[in-house]
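Q: Got a structure for you, written out below as structure tokens; questions coming shortly.
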Number of protein chains: 2
Amino acid sequence: MSGSDRAVLARPQLTPRGRAIRDAALKLFAERGYEATTTTEIGAAVGIRGPSLYKHVSSKQDLLVAIMLDAMDNLHDVHALAVAGVDDVADRLRRAVEAHVRFHTRHRLEAFVGNREIRSLDEVNRAVVVARRSSYERLIRGLIEEGVAASRFHVASVKLASYALLDLGMGVAAWYREDGDLSEDEIVYTYGRFALTLVGAAG
Amino acid sequence: MSGSDRAVLARPQLTPRGRAIRDAALKLFAERGYEATTTTEIGAAVGIRGPSLYKHVSSKQDLLVAIMLDAMDNLHDVHALAVAGVDDVADRLRRAVEAHVRFHTRHRLEAFVGNREIRSLDEVNRAVVVARRSSYERLIRGLIEEGVAASRFHVASVKLASYALLDLGMGVAAWYREDGDLSEDEIVYTYGRFALTLVGAAG
DNA sequence: TGGAAAGGCTAATGCTCAGTAGCCTTGATA
DNA sequence: TATCAAGGCTACTGAGCATTAGCCTTTCCA
């Protein structure tokens, strides 16, 4: 079973209003933070009062968890898709970084909230989200290790290089704007090449 | 008058207890976020009750503002010091990035809070902090522009390159630990070199 | 030695919030 | 047409929060 299948199964069907609420919550969480967002505001964003939200959603916390888990599943999926069937390790890294960066432009709110609001999760949910994030980080680090083992990459520190690549994605989520003067493709392409120079990949 | 002088003049003298309170607040703001930190907790961290804080501090918001402005002044200072008297533009960039990264290891809590809690500032304070941050970002971007103008650097986009360099610093603030297995010097040196390859500096 | 300033404390104030209770309307179905 | 579920609403509950009021002890100088 592919990651994509698992993800699809794991994601519950949402009614249109349920989806609208999640979208509104995502936007507000990104803008002012989870703690600073009130249920009244989320309600107002979809044209209802705060308490009416609870006909669709079990709690504010659950809204955050759902957003985060969905984003993490999504990120795993695009990664898997990006490297599937690609043999050359440099190609794999470049494609993985491109997918990483593209995800952070296309889902910048999810990525932003996913990175910043981990501490707003209660202990149980935090453990789940952190575990899923670590598993993703290991995928990137694994690619670098693979290249180093094959003498295709030359880095002072695998850890440092992988941190750098991951951090660049997060940075994108923080400043990217669809209507900005840097296009998605431009950023994706440039960062894909950054990645290769950064790990000292020849040619 | 140097940036350093200005900064010293602007920073009010703090009593030892006042400093302890600020340190405690910084730690807590970094750990759980400004909104999620209570005055009771800040007080407890220095051995007094919440209300007693107000004998030393005018508000929780002021505590945050003071921490942020101090950090921004500090960052400007280390930048100025790093590039002072250095002529070669590649050297200047490398030294600036080294200073940037070193700052983010040595003052990771301040940097972390400074980046994440901007939205917790009220409008007036936010404007001041954002302006000071933008001025710093312009310094870095200016260095890259200078190198490009002199045909020493070759980048697809000055903006993209400067974002990338700035984001790496922020990333460091998020994951660096003094007792981790990556030393400050190692990170600083590696990122200084990253910077040069990233802007396509020859040799 | 007396009095004032510094700096603790508890109690209270006034506000905001997430979430619940319970009611009402609407629209589909039997 | 009677019923019932879905999904709004207002009013309420209970908790937590920053900050203020006002009191008490200690310390330090005149």
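Please note that chains go A, B, ... in the order of the structure tokens, that every chain numbers its residues from 1, and that ligands are numbered from 1 in the order shown.
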Using only C-alpha atoms (C1' of nucleotides), select each residue of chain A with any atom at most 9 Å away from an atom of chain D, and give the selection as a list in words.
A: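 So the residues of chain A near chain D are Ile48, Arg49, Pro51, Ser52, Lys55 and His56 of chain A.
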Q: Using only C-alpha atoms (C1' of nucleotides), determine which residues lie at most 7 Å from range 63-71 of chain A, disregarding the query and same-chain residues fewer than 4 positions distant; provide the list as JSON, numbers by chain.
A: {"A": [22, 59, 75, 110, 114, 125, 129]}
Q: Could those residues be written to a file, using all heavy atoms, as a PDB file, in the first residue's frame?
A:
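Just written: again-v8.pdb:
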```pdb
ATOM      1  N   ARG A  22     -12.282  24.532   8.349  1.00  0.00           N
ATOM      2  CA  ARG A  22     -10.856  24.217   8.447  1.00  0.00           C
ATOM      3  C   ARG A  22     -10.003  25.224   7.706  1.00  0.00           C
ATOM      4  O   ARG A  22      -8.948  25.633   8.192  1.00  0.00           O
ATOM      5  CB  ARG A  22     -10.593  22.820   7.892  1.00  0.00           C
ATOM      6  CG  ARG A  22     -10.307  21.851   9.015  1.00  0.00           C
ATOM      7  CD  ARG A  22     -10.041  20.487   8.517  1.00  0.00           C
ATOM      8  NE  ARG A  22      -8.831  20.351   7.755  1.00  0.00           N
ATOM      9  CZ  ARG A  22      -8.307  19.173   7.465  1.00  0.00           C
ATOM     10  NH1 ARG A  22      -8.891  18.066   7.891  1.00  0.00           N
ATOM     11  NH2 ARG A  22      -7.214  19.097   6.766  1.00  0.00           N
ATOM     12  N   SER A  59     -13.507  20.258  18.733  1.00  0.00           N
ATOM     13  CA  SER A  59     -12.811  21.252  19.551  1.00  0.00           C
ATOM     14  C   SER A  59     -11.843  22.050  18.682  1.00  0.00           C
ATOM     15  O   SER A  59     -11.521  21.664  17.563  1.00  0.00           O
ATOM     16  CB  SER A  59     -12.042  20.595  20.692  1.00  0.00           C
ATOM     17  OG  SER A  59     -10.922  19.901  20.187  1.00  0.00           O
ATOM     18  N   LEU A  75       2.909  16.009   2.801  1.00  0.00           N
ATOM     19  CA  LEU A  75       4.333  16.218   2.545  1.00  0.00           C
ATOM     20  C   LEU A  75       5.031  14.889   2.272  1.00  0.00           C
ATOM     21  O   LEU A  75       5.835  14.772   1.334  1.00  0.00           O
ATOM     22  CB  LEU A  75       4.960  16.926   3.751  1.00  0.00           C
ATOM     23  CG  LEU A  75       6.429  17.307   3.652  1.00  0.00           C
ATOM     24  CD1 LEU A  75       6.697  18.158   2.415  1.00  0.00           C
ATOM     25  CD2 LEU A  75       6.882  18.059   4.907  1.00  0.00           C
ATOM     26  N   GLU A 110      -0.308  25.846   5.706  1.00  0.00           N
ATOM     27  CA  GLU A 110      -0.212  24.579   6.439  1.00  0.00           C
ATOM     28  C   GLU A 110       1.209  24.379   6.988  1.00  0.00           C
ATOM     29  O   GLU A 110       1.399  23.980   8.142  1.00  0.00           O
ATOM     30  CB  GLU A 110      -0.545  23.389   5.531  1.00  0.00           C
ATOM     31  CG  GLU A 110      -2.001  23.273   5.134  1.00  0.00           C
ATOM     32  CD  GLU A 110      -2.295  24.012   3.833  1.00  0.00           C
ATOM     33  OE1 GLU A 110      -1.612  25.025   3.543  1.00  0.00           O
ATOM     34  OE2 GLU A 110      -3.226  23.593   3.119  1.00  0.00           O
ATOM     35  N   GLY A 114       2.145  24.346  10.739  1.00  0.00           N
ATOM     36  CA  GLY A 114       2.735  23.080  11.153  1.00  0.00           C
ATOM     37  C   GLY A 114       4.053  23.255  11.881  1.00  0.00           C
ATOM     38  O   GLY A 114       4.384  22.511  12.802  1.00  0.00           O
ATOM     39  N   ASN A 125      -1.030  14.707  21.124  1.00  0.00           N
ATOM     40  CA  ASN A 125      -1.024  15.103  19.729  1.00  0.00           C
ATOM     41  C   ASN A 125       0.358  15.563  19.280  1.00  0.00           C
ATOM     42  O   ASN A 125       0.771  15.302  18.156  1.00  0.00           O
ATOM     43  CB  ASN A 125      -2.040  16.233  19.502  1.00  0.00           C
ATOM     44  CG  ASN A 125      -3.463  15.751  19.656  1.00  0.00           C
ATOM     45  OD1 ASN A 125      -3.784  14.626  19.294  1.00  0.00           O
ATOM     46  ND2 ASN A 125      -4.322  16.599  20.202  1.00  0.00           N
ATOM     47  N   VAL A 129       2.557  14.266  15.979  1.00  0.00           N
ATOM     48  CA  VAL A 129       2.999  15.172  14.923  1.00  0.00           C
ATOM     49  C   VAL A 129       4.524  15.203  14.837  1.00  0.00           C
ATOM     50  O   VAL A 129       5.096  15.141  13.743  1.00  0.00           O
ATOM     51  CB  VAL A 129       2.432  16.589  15.146  1.00  0.00           C
ATOM     52  CG1 VAL A 129       3.073  17.587  14.196  1.00  0.00           C
ATOM     53  CG2 VAL A 129       0.920  16.592  14.964  1.00  0.00           C
TER      54      VAL A 129
END
```
Q: Could you tell me, as number ranges by chain, which residues of chain A DSSP assigns to helix (DSSP H, G or I) when given the backbone?
A: A: 3-10, 16-32, 39-45, 50-55, 60-83, 89-106, 108-116, 118-120, 123-149, 158-175, 184-198
Q: Using only C-alpha atoms, find which residues of chain A lie within 7 Å of chain B and jot them down as a PyMOL selection string.
A: chain A and resi 32+35+119+164+167-168+171+194+198
Q: Could the residues of chain A within 10 Å of chain C, counting only C-alpha atoms (C1' of nucleotides), be given as a list in words, please?
A: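 That gives Thr38, Thr39, Thr40, Gly50, Pro51, Tyr54, Ser58, Ser59 and Lys60 of chain A for chain A.
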Q: Work out how far CA of Ala80 in chain B is from CA of Arg19 in chain B, in Å to one decimal.
A: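 We find that CA of Arg19 in chain B and CA of Ala80 in chain B lie 25.7 Å from each other.
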Q: One number please: CA of Asp122 in chain A to CA of Gln61 in chain A, in Å, one decimal.
A: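 Interatomic distance, CA of Asp122 in chain A to CA of Gln61 in chain A: 8.1 Å.
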Q: Can you pull out the residues contacting Ala96 in chain A? Cut-off 10 Å, using only C-alpha atoms (C1' of nucleotides), and skip same-chain residues under 3 positions away; I want them as a PyMOL selection string.
A: chain A and resi 78-84+90-93+99-102+139-140+143+192+195
Q: Rounded to one decimal in Å, what is the spacing between CA of Ala111 in chain A and CA of Gly43 in chain A?
A: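 Between CA of Ala111 in chain A and CA of Gly43 in chain A the gap is 22.7 Å.
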